[in-house]
Structures are given as C-alpha cells and as structure tokens.
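Asks: Structure in structure tokens, see below.
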Amino acid sequence: RAFSARTDDGGLSWNFQGWMTAYPYGVRSVMPSTIRLRDHELLSVVRRRIDAHDNEELGRLDLNWVEAQYSNDNGRNWTKRSMVAYTDLSHHNGNPGALGRFPDGTVGVAYGFRGSPFGIRAKTSADDGKTWSHEIILRDDGLVYDLGYPKAVMLPDGRMFVCYYIATPERENQHIAYTIWKP
C-alpha cells in the first residue's frame, strides 16, 4: 500500500505523512510517481491491481490500472483524483506510471501496456490530473508483455525523456530503451 514520507535532513530520518489509498483487501497500490503541482499540492500516480479468485472455473481475474491521487497538504491526506488508464487487459500484472510536468503546466504520464499490442503509452492532463487525454501510443512494438517500469525526466527543452525496458522484434532480448516526447 503506497504512502508518503518526508525527510528534512537529507534522508537520515523519515516521518510518515499519510496513506495514499484506502486499504481494501485484494487491492494493491504500489510504486507511486509524484510531482508537486503547487505549494502544498502533490499529484501522484500509483500502480493498482485487483486479484479476484472468486471462481475456480474461471481462474485468476486481474484488473490492472494506474490511478491518480491528490494531496493539498504535502502528503498527509490523499484523495483519489481520477482513473488514468488500464495497463493490462489479461493476466500480466500491469505496470506503474511515470509523471512529469511540461513547461505549459500540462501533466504527462507514461506507462507500460501489457495487453496486445505490447508497448509504452502516455496520456496528458490539462487540469492537474482530474481528467486525461486519449491514449498516446509512444511505441507498440513490444515482443512480449514483460516490459515497462518507466522512469521520466523533464528535459531542459520541455520534452519528457521516458526510460523503460522492452524486447522488440529487432532486439529480442530485453534491453533498456527510451522515448523522448512532447504532446
């Protein structure tokens, strides 16, 4: 379950601030990516998953998505802001998102998509994560579902650098790759 913590001494000690999500059993929230929107305001995306084992005949039913959480008190209290995107439509465990903010204030999120076609996708938000654009396909040439775990860095020229791992038809072994994009 994702939470926020704060350090005021360069990482020597940490203070728990608050849980990012509620705690229903069978629903996880992990691997947050967080940006500061304004003084005291934070936006985070968390990797979510529901594991349902209701019917032995059906087997495992998975739901995997990225969800936006918002705090207006530096991470002490969090509320769900929006559903960002599904990251898998079968049994491949989903993927975390990576956030960044473009110079015009638009928020961008990149994430691995483990459904077919496998690849790296993105969305943007012009209202601090309340709503999200249509899905942007950054690449859809993943050879297998095991890809993603993106990390994002904003470049000085206003573009987002997204790094992840992937296997492609051209390079069948998983490798580190990147995409640089701007909406």
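Ordered as shown in the structure tokens, chains take letters A, B, and onward, while each chain numbers its residues from 1 and ligands are numbered from 1 in the order shown.
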Going by DSSP on the backbone, which residues of segment 35-118 of chain A come out as strand (DSSP E)? List them as an mmCIF file with all heavy atoms, in the first residue's frame.

Replies:
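Saved the output as part_15.cif:
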data_model
loop_
_atom_site.group_PDB
_atom_site.id
_atom_site.type_symbol
_atom_site.label_atom_id
_atom_site.label_comp_id
_atom_site.auth_asym_id
_atom_site.auth_seq_id
_atom_site.Cartn_x
_atom_site.Cartn_y
_atom_site.Cartn_z
ATOM 1 N N ILE A 35 4.593 14.318 -8.427
ATOM 2 C CA ILE A 35 5.095 15.648 -8.786
ATOM 3 C C ILE A 35 4.409 16.677 -7.891
ATOM 4 O O ILE A 35 3.335 16.438 -7.356
ATOM 5 C CB ILE A 35 4.851 16.005 -10.272
ATOM 6 C CG1 ILE A 35 3.358 15.981 -10.600
ATOM 7 C CG2 ILE A 35 5.648 15.089 -11.182
ATOM 8 C CD1 ILE A 35 3.022 16.527 -11.976
ATOM 9 N N ARG A 36 5.073 17.803 -7.719
ATOM 10 C CA ARG A 36 4.473 18.921 -6.992
ATOM 11 C C ARG A 36 3.737 19.793 -8.000
ATOM 12 O O ARG A 36 4.302 20.213 -9.004
ATOM 13 C CB ARG A 36 5.539 19.733 -6.267
ATOM 14 C CG ARG A 36 4.946 20.894 -5.471
ATOM 15 C CD ARG A 36 5.940 21.538 -4.527
ATOM 16 N NE ARG A 36 6.441 20.613 -3.525
ATOM 17 C CZ ARG A 36 5.769 20.220 -2.439
ATOM 18 N NH1 ARG A 36 4.542 20.660 -2.226
ATOM 19 N NH2 ARG A 36 6.318 19.395 -1.578
ATOM 20 N N LEU A 37 2.464 20.046 -7.708
ATOM 21 C CA LEU A 37 1.670 20.916 -8.564
ATOM 22 C C LEU A 37 1.862 22.374 -8.180
ATOM 23 O O LEU A 37 2.084 23.233 -9.031
ATOM 24 C CB LEU A 37 0.179 20.554 -8.465
ATOM 25 C CG LEU A 37 -0.197 19.151 -8.942
ATOM 26 C CD1 LEU A 37 -1.656 18.855 -8.629
ATOM 27 C CD2 LEU A 37 0.085 19.001 -10.429
ATOM 28 N N ARG A 38 1.733 22.649 -6.896
ATOM 29 C CA ARG A 38 1.919 23.981 -6.324
ATOM 30 C C ARG A 38 2.342 23.792 -4.876
ATOM 31 O O ARG A 38 2.405 22.669 -4.375
ATOM 32 C CB ARG A 38 0.601 24.778 -6.387
ATOM 33 C CG ARG A 38 0.264 25.313 -7.767
ATOM 34 C CD ARG A 38 -1.134 25.879 -7.844
ATOM 35 N NE ARG A 38 -2.165 24.858 -7.907
ATOM 36 C CZ ARG A 38 -2.416 24.080 -8.950
ATOM 37 N NH1 ARG A 38 -1.674 24.166 -10.024
ATOM 38 N NH2 ARG A 38 -3.396 23.200 -8.917
ATOM 39 N N GLU A 41 0.647 21.181 -2.715
ATOM 40 C CA GLU A 41 -0.186 20.298 -3.546
ATOM 41 C C GLU A 41 0.675 19.280 -4.291
ATOM 42 O O GLU A 41 1.638 19.655 -4.960
ATOM 43 C CB GLU A 41 -0.984 21.103 -4.570
ATOM 44 C CG GLU A 41 -2.087 21.937 -3.962
ATOM 45 C CD GLU A 41 -2.891 22.625 -5.035
ATOM 46 O OE1 GLU A 41 -3.624 21.932 -5.768
ATOM 47 O OE2 GLU A 41 -2.761 23.853 -5.147
ATOM 48 N N LEU A 42 0.302 18.011 -4.162
ATOM 49 C CA LEU A 42 1.021 16.915 -4.805
ATOM 50 C C LEU A 42 0.052 16.102 -5.661
ATOM 51 O O LEU A 42 -1.111 15.928 -5.301
ATOM 52 C CB LEU A 42 1.648 15.989 -3.764
ATOM 53 C CG LEU A 42 2.605 16.622 -2.764
ATOM 54 C CD1 LEU A 42 2.989 15.600 -1.698
ATOM 55 C CD2 LEU A 42 3.841 17.148 -3.473
ATOM 56 N N LEU A 43 0.548 15.590 -6.773
ATOM 57 C CA LEU A 43 -0.186 14.651 -7.605
ATOM 58 C C LEU A 43 0.683 13.414 -7.736
ATOM 59 O O LEU A 43 1.882 13.509 -8.005
ATOM 60 C CB LEU A 43 -0.470 15.234 -8.986
ATOM 61 C CG LEU A 43 -1.229 14.316 -9.945
ATOM 62 C CD1 LEU A 43 -2.673 14.120 -9.475
ATOM 63 C CD2 LEU A 43 -1.188 14.866 -11.363
ATOM 64 N N SER A 44 0.077 12.269 -7.530
ATOM 65 C CA SER A 44 0.806 11.012 -7.637
ATOM 66 C C SER A 44 -0.005 10.036 -8.469
ATOM 67 O O SER A 44 -1.237 10.070 -8.447
ATOM 68 C CB SER A 44 1.035 10.435 -6.233
ATOM 69 O OG SER A 44 1.873 9.310 -6.296
ATOM 70 N N VAL A 45 0.679 9.207 -9.232
ATOM 71 C CA VAL A 45 0.014 8.074 -9.874
ATOM 72 C C VAL A 45 0.540 6.808 -9.213
ATOM 73 O O VAL A 45 1.726 6.705 -8.905
ATOM 74 C CB VAL A 45 0.212 8.037 -11.407
ATOM 75 C CG1 VAL A 45 -0.509 9.195 -12.071
ATOM 76 C CG2 VAL A 45 1.673 8.000 -11.800
ATOM 77 N N VAL A 46 -0.369 5.880 -8.956
ATOM 78 C CA VAL A 46 0.003 4.624 -8.317
ATOM 79 C C VAL A 46 -0.449 3.453 -9.179
ATOM 80 O O VAL A 46 -1.454 3.530 -9.885
ATOM 81 C CB VAL A 46 -0.580 4.480 -6.892
ATOM 82 C CG1 VAL A 46 0.048 5.469 -5.939
ATOM 83 C CG2 VAL A 46 -2.078 4.633 -6.892
ATOM 84 N N ARG A 47 0.319 2.406 -9.110
ATOM 85 C CA ARG A 47 0.013 1.161 -9.796
ATOM 86 C C ARG A 47 -1.026 0.411 -8.963
ATOM 87 O O ARG A 47 -0.794 0.146 -7.783
ATOM 88 C CB ARG A 47 1.294 0.340 -9.922
ATOM 89 C CG ARG A 47 1.135 -0.983 -10.600
ATOM 90 C CD ARG A 47 2.485 -1.695 -10.594
ATOM 91 N NE ARG A 47 2.428 -2.942 -11.320
ATOM 92 C CZ ARG A 47 3.458 -3.766 -11.437
ATOM 93 N NH1 ARG A 47 4.619 -3.460 -10.853
ATOM 94 N NH2 ARG A 47 3.348 -4.873 -12.109
ATOM 95 N N ARG A 48 -2.157 0.071 -9.565
ATOM 96 C CA ARG A 48 -3.237 -0.594 -8.848
ATOM 97 C C ARG A 48 -3.506 -1.966 -9.469
ATOM 98 O O ARG A 48 -3.284 -2.175 -10.661
ATOM 99 C CB ARG A 48 -4.530 0.223 -8.908
ATOM 100 C CG ARG A 48 -4.455 1.643 -8.345
ATOM 101 C CD ARG A 48 -4.122 1.758 -6.871
ATOM 102 N NE ARG A 48 -4.863 0.925 -5.983
ATOM 103 C CZ ARG A 48 -5.884 1.313 -5.209
ATOM 104 N NH1 ARG A 48 -6.290 2.558 -5.245
ATOM 105 N NH2 ARG A 48 -6.481 0.471 -4.395
ATOM 106 N N ARG A 49 -4.024 -2.879 -8.644
ATOM 107 C CA ARG A 49 -4.357 -4.211 -9.127
ATOM 108 C C ARG A 49 -5.392 -4.837 -8.203
ATOM 109 O O ARG A 49 -5.297 -4.725 -6.987
ATOM 110 C CB ARG A 49 -3.117 -5.095 -9.152
ATOM 111 C CG ARG A 49 -3.399 -6.517 -9.593
ATOM 112 C CD ARG A 49 -2.135 -7.358 -9.492
ATOM 113 N NE ARG A 49 -2.455 -8.741 -9.702
ATOM 114 C CZ ARG A 49 -1.849 -9.517 -10.562
ATOM 115 N NH1 ARG A 49 -0.873 -9.038 -11.304
ATOM 116 N NH2 ARG A 49 -2.184 -10.776 -10.690
ATOM 117 N N ILE A 50 -6.367 -5.502 -8.818
ATOM 118 C CA ILE A 50 -7.324 -6.318 -8.077
ATOM 119 C C ILE A 50 -7.074 -7.760 -8.472
ATOM 120 O O ILE A 50 -7.046 -8.091 -9.658
ATOM 121 C CB ILE A 50 -8.786 -5.963 -8.419
ATOM 122 C CG1 ILE A 50 -9.106 -4.544 -7.980
ATOM 123 C CG2 ILE A 50 -9.750 -6.963 -7.779
ATOM 124 C CD1 ILE A 50 -10.486 -4.070 -8.382
ATOM 125 N N ASP A 51 -6.883 -8.599 -7.502
ATOM 126 C CA ASP A 51 -6.786 -10.038 -7.740
ATOM 127 C C ASP A 51 -8.076 -10.667 -7.253
ATOM 128 O O ASP A 51 -8.374 -10.627 -6.065
ATOM 129 C CB ASP A 51 -5.614 -10.655 -6.970
ATOM 130 C CG ASP A 51 -4.274 -10.242 -7.544
ATOM 131 O OD1 ASP A 51 -4.203 -10.043 -8.760
ATOM 132 O OD2 ASP A 51 -3.315 -10.127 -6.774
ATOM 133 N N ALA A 52 -8.851 -11.232 -8.158
ATOM 134 C CA ALA A 52 -10.103 -11.885 -7.789
ATOM 135 C C ALA A 52 -9.958 -13.388 -7.994
ATOM 136 O O ALA A 52 -9.560 -13.832 -9.053
ATOM 137 C CB ALA A 52 -11.243 -11.343 -8.635
ATOM 138 N N LEU A 61 -8.726 -13.646 -12.144
ATOM 139 C CA LEU A 61 -9.235 -12.499 -12.884
ATOM 140 C C LEU A 61 -8.488 -11.264 -12.398
ATOM 141 O O LEU A 61 -8.585 -10.905 -11.240
ATOM 142 C CB LEU A 61 -10.736 -12.324 -12.639
ATOM 143 C CG LEU A 61 -11.610 -13.516 -12.983
ATOM 144 C CD1 LEU A 61 -13.032 -13.258 -12.523
ATOM 145 C CD2 LEU A 61 -11.560 -13.794 -14.464
ATOM 146 N N ASP A 62 -7.764 -10.611 -13.268
ATOM 147 C CA ASP A 62 -6.951 -9.467 -12.872
ATOM 148 C C ASP A 62 -7.495 -8.181 -13.477
ATOM 149 O O ASP A 62 -7.905 -8.157 -14.627
ATOM 150 C CB ASP A 62 -5.503 -9.623 -13.354
ATOM 151 C CG ASP A 62 -4.803 -10.804 -12.736
ATOM 152 O OD1 ASP A 62 -5.198 -11.210 -11.640
ATOM 153 O OD2 ASP A 62 -3.866 -11.315 -13.361
ATOM 154 N N LEU A 63 -7.447 -7.131 -12.694
ATOM 155 C CA LEU A 63 -7.667 -5.784 -13.193
ATOM 156 C C LEU A 63 -6.433 -4.990 -12.813
ATOM 157 O O LEU A 63 -6.015 -4.990 -11.657
ATOM 158 C CB LEU A 63 -8.906 -5.150 -12.550
ATOM 159 C CG LEU A 63 -10.247 -5.746 -12.933
ATOM 160 C CD1 LEU A 63 -11.365 -5.062 -12.139
ATOM 161 C CD2 LEU A 63 -10.496 -5.591 -14.425
ATOM 162 N N ASN A 64 -5.843 -4.302 -13.779
ATOM 163 C CA ASN A 64 -4.615 -3.541 -13.566
ATOM 164 C C ASN A 64 -4.778 -2.151 -14.160
ATOM 165 O O ASN A 64 -5.177 -2.021 -15.318
ATOM 166 C CB ASN A 64 -3.439 -4.243 -14.266
ATOM 167 C CG ASN A 64 -3.227 -5.647 -13.766
ATOM 168 O OD1 ASN A 64 -2.654 -5.842 -12.713
ATOM 169 N ND2 ASN A 64 -3.696 -6.628 -14.513
ATOM 170 N N TRP A 65 -4.446 -1.134 -13.369
ATOM 171 C CA TRP A 65 -4.607 0.220 -13.857
ATOM 172 C C TRP A 65 -3.670 1.175 -13.121
ATOM 173 O O TRP A 65 -3.061 0.834 -12.119
ATOM 174 C CB TRP A 65 -6.049 0.677 -13.732
ATOM 175 C CG TRP A 65 -6.556 0.921 -12.342
ATOM 176 C CD1 TRP A 65 -6.668 2.134 -11.708
ATOM 177 C CD2 TRP A 65 -7.038 -0.044 -11.401
ATOM 178 N NE1 TRP A 65 -7.186 1.974 -10.446
ATOM 179 C CE2 TRP A 65 -7.428 0.640 -10.224
ATOM 180 C CE3 TRP A 65 -7.171 -1.438 -11.423
ATOM 181 C CZ2 TRP A 65 -7.927 -0.005 -9.106
ATOM 182 C CZ3 TRP A 65 -7.678 -2.075 -10.308
ATOM 183 C CH2 TRP A 65 -8.054 -1.361 -9.170
ATOM 184 N N VAL A 66 -3.574 2.386 -13.641
ATOM 185 C CA VAL A 66 -2.873 3.492 -12.992
ATOM 186 C C VAL A 66 -3.939 4.473 -12.545
ATOM 187 O O VAL A 66 -4.856 4.803 -13.301
ATOM 188 C CB VAL A 66 -1.874 4.172 -13.954
ATOM 189 C CG1 VAL A 66 -1.263 5.412 -13.307
ATOM 190 C CG2 VAL A 66 -0.781 3.209 -14.383
ATOM 191 N N GLU A 67 -3.818 4.924 -11.303
ATOM 192 C CA GLU A 67 -4.802 5.816 -10.696
ATOM 193 C C GLU A 67 -4.085 7.051 -10.161
ATOM 194 O O GLU A 67 -2.992 6.947 -9.620
ATOM 195 C CB GLU A 67 -5.468 5.047 -9.557
ATOM 196 C CG GLU A 67 -6.551 5.768 -8.818
ATOM 197 C CD GLU A 67 -7.157 4.843 -7.773
ATOM 198 O OE1 GLU A 67 -7.969 3.977 -8.141
ATOM 199 O OE2 GLU A 67 -6.785 4.970 -6.591
ATOM 200 N N ALA A 68 -4.714 8.220 -10.304
ATOM 201 C CA ALA A 68 -4.134 9.463 -9.788
ATOM 202 C C ALA A 68 -4.666 9.749 -8.393
ATOM 203 O O ALA A 68 -5.863 9.621 -8.137
ATOM 204 C CB ALA A 68 -4.454 10.627 -10.721
ATOM 205 N N GLN A 69 -3.756 10.142 -7.499
ATOM 206 C CA GLN A 69 -4.093 10.533 -6.125
ATOM 207 C C GLN A 69 -3.633 11.983 -5.938
ATOM 208 O O GLN A 69 -2.615 12.395 -6.490
ATOM 209 C CB GLN A 69 -3.389 9.633 -5.115
ATOM 210 C CG GLN A 69 -3.747 8.168 -5.238
ATOM 211 C CD GLN A 69 -5.168 7.878 -4.811
ATOM 212 O OE1 GLN A 69 -5.709 8.533 -3.925
ATOM 213 N NE2 GLN A 69 -5.788 6.892 -5.451
ATOM 214 N N TYR A 70 -4.356 12.731 -5.101
ATOM 215 C CA TYR A 70 -4.074 14.156 -4.911
ATOM 216 C C TYR A 70 -3.992 14.481 -3.418
ATOM 217 O O TYR A 70 -4.769 13.970 -2.609
ATOM 218 C CB TYR A 70 -5.199 14.982 -5.556
ATOM 219 C CG TYR A 70 -5.153 16.435 -5.227
ATOM 220 C CD1 TYR A 70 -4.257 17.286 -5.861
ATOM 221 C CD2 TYR A 70 -6.017 16.976 -4.283
ATOM 222 C CE1 TYR A 70 -4.224 18.638 -5.553
ATOM 223 C CE2 TYR A 70 -5.991 18.331 -3.973
ATOM 224 C CZ TYR A 70 -5.090 19.154 -4.612
ATOM 225 O OH TYR A 70 -5.048 20.484 -4.311
ATOM 226 N N SER A 71 -3.031 15.338 -3.080
ATOM 227 C CA SER A 71 -2.908 15.845 -1.712
ATOM 228 C C SER A 71 -2.747 17.356 -1.758
ATOM 229 O O SER A 71 -1.955 17.873 -2.553
ATOM 230 C CB SER A 71 -1.691 15.219 -1.012
ATOM 231 O OG SER A 71 -1.478 15.829 0.252
ATOM 232 N N THR A 79 -6.619 11.928 -1.683
ATOM 233 C CA THR A 79 -7.912 11.535 -2.233
ATOM 234 C C THR A 79 -7.710 11.063 -3.667
ATOM 235 O O THR A 79 -6.803 11.540 -4.364
ATOM 236 C CB THR A 79 -8.925 12.704 -2.232
ATOM 237 O OG1 THR A 79 -8.364 13.796 -2.971
ATOM 238 C CG2 THR A 79 -9.254 13.147 -0.824
ATOM 239 N N LYS A 80 -8.561 10.143 -4.072
ATOM 240 C CA LYS A 80 -8.496 9.692 -5.460
ATOM 241 C C LYS A 80 -8.915 10.842 -6.357
ATOM 242 O O LYS A 80 -9.952 11.461 -6.156
ATOM 243 C CB LYS A 80 -9.416 8.495 -5.680
ATOM 244 C CG LYS A 80 -9.411 8.026 -7.129
ATOM 245 C CD LYS A 80 -10.347 6.866 -7.350
ATOM 246 C CE LYS A 80 -10.412 6.536 -8.827
ATOM 247 N NZ LYS A 80 -11.363 5.457 -9.092
ATOM 248 N N ARG A 81 -8.070 11.136 -7.334
ATOM 249 C CA ARG A 81 -8.379 12.215 -8.269
ATOM 250 C C ARG A 81 -9.004 11.658 -9.545
ATOM 251 O O ARG A 81 -9.960 12.222 -10.053
ATOM 252 C CB ARG A 81 -7.116 12.995 -8.595
ATOM 253 C CG ARG A 81 -7.388 14.084 -9.626
ATOM 254 C CD ARG A 81 -6.618 15.312 -9.423
ATOM 255 N NE ARG A 81 -7.222 16.223 -8.482
ATOM 256 C CZ ARG A 81 -6.812 17.471 -8.323
ATOM 257 N NH1 ARG A 81 -5.806 17.925 -9.017
ATOM 258 N NH2 ARG A 81 -7.372 18.252 -7.450
ATOM 259 N N SER A 82 -8.459 10.572 -10.061
ATOM 260 C CA SER A 82 -9.007 10.026 -11.308
ATOM 261 C C SER A 82 -8.416 8.656 -11.620
ATOM 262 O O SER A 82 -7.382 8.270 -11.086
ATOM 263 C CB SER A 82 -8.709 10.971 -12.482
ATOM 264 O OG SER A 82 -7.308 11.100 -12.655
ATOM 265 N N MET A 83 -9.100 7.970 -12.492
ATOM 266 C CA MET A 83 -8.592 6.750 -13.106
ATOM 267 C C MET A 83 -7.811 7.211 -14.333
ATOM 268 O O MET A 83 -8.338 7.979 -15.146
ATOM 269 C CB MET A 83 -9.792 5.893 -13.469
ATOM 270 C CG MET A 83 -9.634 4.764 -14.435
ATOM 271 S SD MET A 83 -8.145 3.888 -14.534
ATOM 272 C CE MET A 83 -8.703 2.523 -15.494
ATOM 273 N N VAL A 84 -6.548 6.827 -14.445
ATOM 274 C CA VAL A 84 -5.724 7.301 -15.557
ATOM 275 C C VAL A 84 -5.836 6.372 -16.761
ATOM 276 O O VAL A 84 -6.202 6.792 -17.846
ATOM 277 C CB VAL A 84 -4.252 7.453 -15.120
ATOM 278 C CG1 VAL A 84 -3.387 7.913 -16.283
ATOM 279 C CG2 VAL A 84 -4.136 8.410 -13.945
ATOM 280 N N ALA A 85 -5.508 5.085 -16.571
ATOM 281 C CA ALA A 85 -5.511 4.150 -17.703
ATOM 282 C C ALA A 85 -5.409 2.712 -17.217
ATOM 283 O O ALA A 85 -4.810 2.450 -16.170
ATOM 284 C CB ALA A 85 -4.340 4.447 -18.631
ATOM 285 N N TYR A 86 -5.960 1.808 -17.992
ATOM 286 C CA TYR A 86 -5.695 0.386 -17.764
ATOM 287 C C TYR A 86 -4.311 0.070 -18.325
ATOM 288 O O TYR A 86 -3.912 0.618 -19.351
ATOM 289 C CB TYR A 86 -6.756 -0.485 -18.443
ATOM 290 C CG TYR A 86 -8.063 -0.461 -17.717
ATOM 291 C CD1 TYR A 86 -9.123 0.293 -18.192
ATOM 292 C CD2 TYR A 86 -8.236 -1.167 -16.534
ATOM 293 C CE1 TYR A 86 -10.328 0.342 -17.509
ATOM 294 C CE2 TYR A 86 -9.429 -1.118 -15.834
ATOM 295 C CZ TYR A 86 -10.469 -0.369 -16.331
ATOM 296 O OH TYR A 86 -11.647 -0.319 -15.654
ATOM 297 N N THR A 87 -3.583 -0.799 -17.630
ATOM 298 C CA THR A 87 -2.226 -1.138 -18.062
ATOM 299 C C THR A 87 -2.096 -2.588 -18.504
ATOM 300 O O THR A 87 -1.012 -3.021 -18.871
ATOM 301 C CB THR A 87 -1.217 -0.859 -16.938
ATOM 302 O OG1 THR A 87 -1.608 -1.592 -15.773
ATOM 303 C CG2 THR A 87 -1.153 0.621 -16.631
ATOM 304 N N ASP A 88 -3.192 -3.325 -18.459
ATOM 305 C CA ASP A 88 -3.193 -4.720 -18.878
ATOM 306 C C ASP A 88 -4.640 -5.164 -18.963
ATOM 307 O O ASP A 88 -5.464 -4.759 -18.153
ATOM 308 C CB ASP A 88 -2.437 -5.568 -17.858
ATOM 309 C CG ASP A 88 -2.329 -7.032 -18.254
ATOM 310 O OD1 ASP A 88 -2.641 -7.371 -19.408
ATOM 311 O OD2 ASP A 88 -1.936 -7.840 -17.409
ATOM 312 N N GLY A 97 3.115 3.966 -13.541
ATOM 313 C CA GLY A 97 3.211 5.148 -14.384
ATOM 314 C C GLY A 97 4.370 6.021 -13.948
ATOM 315 O O GLY A 97 4.887 5.883 -12.833
ATOM 316 N N ALA A 98 4.786 6.916 -14.825
ATOM 317 C CA ALA A 98 5.846 7.881 -14.519
ATOM 318 C C ALA A 98 5.332 9.266 -14.910
ATOM 319 O O ALA A 98 4.928 9.474 -16.059
ATOM 320 C CB ALA A 98 7.119 7.542 -15.282
ATOM 321 N N LEU A 99 5.337 10.201 -13.951
ATOM 322 C CA LEU A 99 4.787 11.547 -14.148
ATOM 323 C C LEU A 99 5.854 12.577 -14.475
ATOM 324 O O LEU A 99 6.992 12.474 -14.030
ATOM 325 C CB LEU A 99 4.110 12.024 -12.862
ATOM 326 C CG LEU A 99 2.702 11.557 -12.545
ATOM 327 C CD1 LEU A 99 2.279 12.106 -11.180
ATOM 328 C CD2 LEU A 99 1.719 11.955 -13.614
ATOM 329 N N GLY A 100 5.430 13.596 -15.183
ATOM 330 C CA GLY A 100 6.250 14.776 -15.424
ATOM 331 C C GLY A 100 5.329 15.946 -15.731
ATOM 332 O O GLY A 100 4.135 15.760 -15.979
ATOM 333 N N ARG A 101 5.885 17.144 -15.689
ATOM 334 C CA ARG A 101 5.083 18.346 -15.978
ATOM 335 C C ARG A 101 5.783 19.155 -17.055
ATOM 336 O O ARG A 101 6.948 19.539 -16.896
ATOM 337 C CB ARG A 101 4.892 19.173 -14.715
ATOM 338 C CG ARG A 101 3.879 20.275 -14.927
ATOM 339 C CD ARG A 101 3.343 20.765 -13.622
ATOM 340 N NE ARG A 101 2.096 21.465 -13.871
ATOM 341 C CZ ARG A 101 1.279 21.829 -12.939
ATOM 342 N NH1 ARG A 101 1.550 21.553 -11.684
ATOM 343 N NH2 ARG A 101 0.191 22.473 -13.231
ATOM 344 N N VAL A 107 0.337 18.079 -17.418
ATOM 345 C CA VAL A 107 0.917 16.919 -16.752
ATOM 346 C C VAL A 107 0.946 15.780 -17.763
ATOM 347 O O VAL A 107 -0.014 15.560 -18.502
ATOM 348 C CB VAL A 107 0.085 16.518 -15.519
ATOM 349 C CG1 VAL A 107 0.608 15.231 -14.894
ATOM 350 C CG2 VAL A 107 0.081 17.642 -14.490
ATOM 351 N N GLY A 108 2.055 15.055 -17.798
ATOM 352 C CA GLY A 108 2.178 13.890 -18.664
ATOM 353 C C GLY A 108 2.460 12.654 -17.838
ATOM 354 O O GLY A 108 3.143 12.720 -16.823
ATOM 355 N N VAL A 109 1.899 11.523 -18.259
ATOM 356 C CA VAL A 109 2.173 10.249 -17.610
ATOM 357 C C VAL A 109 2.491 9.230 -18.703
ATOM 358 O O VAL A 109 1.831 9.199 -19.740
ATOM 359 C CB VAL A 109 0.997 9.768 -16.725
ATOM 360 C CG1 VAL A 109 -0.272 9.554 -17.532
ATOM 361 C CG2 VAL A 109 1.364 8.504 -15.958
ATOM 362 N N ALA A 110 3.529 8.445 -18.485
ATOM 363 C CA ALA A 110 3.892 7.351 -19.384
ATOM 364 C C ALA A 110 3.804 6.053 -18.598
ATOM 365 O O ALA A 110 4.076 6.030 -17.396
ATOM 366 C CB ALA A 110 5.305 7.551 -19.928
ATOM 367 N N TYR A 111 3.424 4.977 -19.269
ATOM 368 C CA TYR A 111 3.262 3.689 -18.601
ATOM 369 C C TYR A 111 3.420 2.565 -19.624
ATOM 370 O O TYR A 111 3.190 2.748 -20.821
ATOM 371 C CB TYR A 111 1.893 3.583 -17.908
ATOM 372 C CG TYR A 111 0.734 3.941 -18.796
ATOM 373 C CD1 TYR A 111 0.053 2.962 -19.511
ATOM 374 C CD2 TYR A 111 0.336 5.264 -18.936
ATOM 375 C CE1 TYR A 111 -0.999 3.304 -20.346
ATOM 376 C CE2 TYR A 111 -0.714 5.603 -19.758
ATOM 377 C CZ TYR A 111 -1.378 4.620 -20.464
ATOM 378 O OH TYR A 111 -2.409 4.953 -21.291
ATOM 379 N N GLY A 112 3.822 1.409 -19.128
ATOM 380 C CA GLY A 112 3.886 0.235 -19.980
ATOM 381 C C GLY A 112 2.501 -0.367 -20.108
ATOM 382 O O GLY A 112 1.739 -0.403 -19.146
ATOM 383 N N PHE A 113 2.164 -0.835 -21.313
ATOM 384 C CA PHE A 113 0.891 -1.504 -21.542
ATOM 385 C C PHE A 113 1.179 -2.956 -21.870
ATOM 386 O O PHE A 113 1.863 -3.262 -22.850
ATOM 387 C CB PHE A 113 0.119 -0.834 -22.679
ATOM 388 C CG PHE A 113 -1.244 -1.440 -22.868
ATOM 389 C CD1 PHE A 113 -2.267 -1.158 -21.974
ATOM 390 C CD2 PHE A 113 -1.491 -2.306 -23.919
ATOM 391 C CE1 PHE A 113 -3.523 -1.734 -22.134
ATOM 392 C CE2 PHE A 113 -2.739 -2.874 -24.081
ATOM 393 C CZ PHE A 113 -3.764 -2.597 -23.187
#

Asks: With distances taken over only C-alpha atoms, which residue among A:Thr168, A:Asn173, A:Thr179, A:Gln17 lies nearest Pro117 of chain A?

Replies: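 The closest residue to Pro117 of chain A is A:Thr168.
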
Asks: What's the separation between atom CA of Gly148 of chain A and atom CA of Ile120 of chain A, in Å to one decimal place?

Replies: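 So the two atoms, atom CA of Gly148 of chain A and atom CA of Ile120 of chain A, lie 6.8 Å apart.
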
Asks: Could you state the separation of atom CA of Leu143 of chain A and atom CA of Arg121 of chain A in Å, given to one decimal place?

Replies: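 Answer for the atom CA of Leu143 of chain A to atom CA of Arg121 of chain A separation: 15.1 Å.
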
Asks: Which value, in Å to one decimal, gives the distance between atom CA of His175 of chain A and atom CA of His134 of chain A?

Replies: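 Those two atoms sit 27.8 Å apart.
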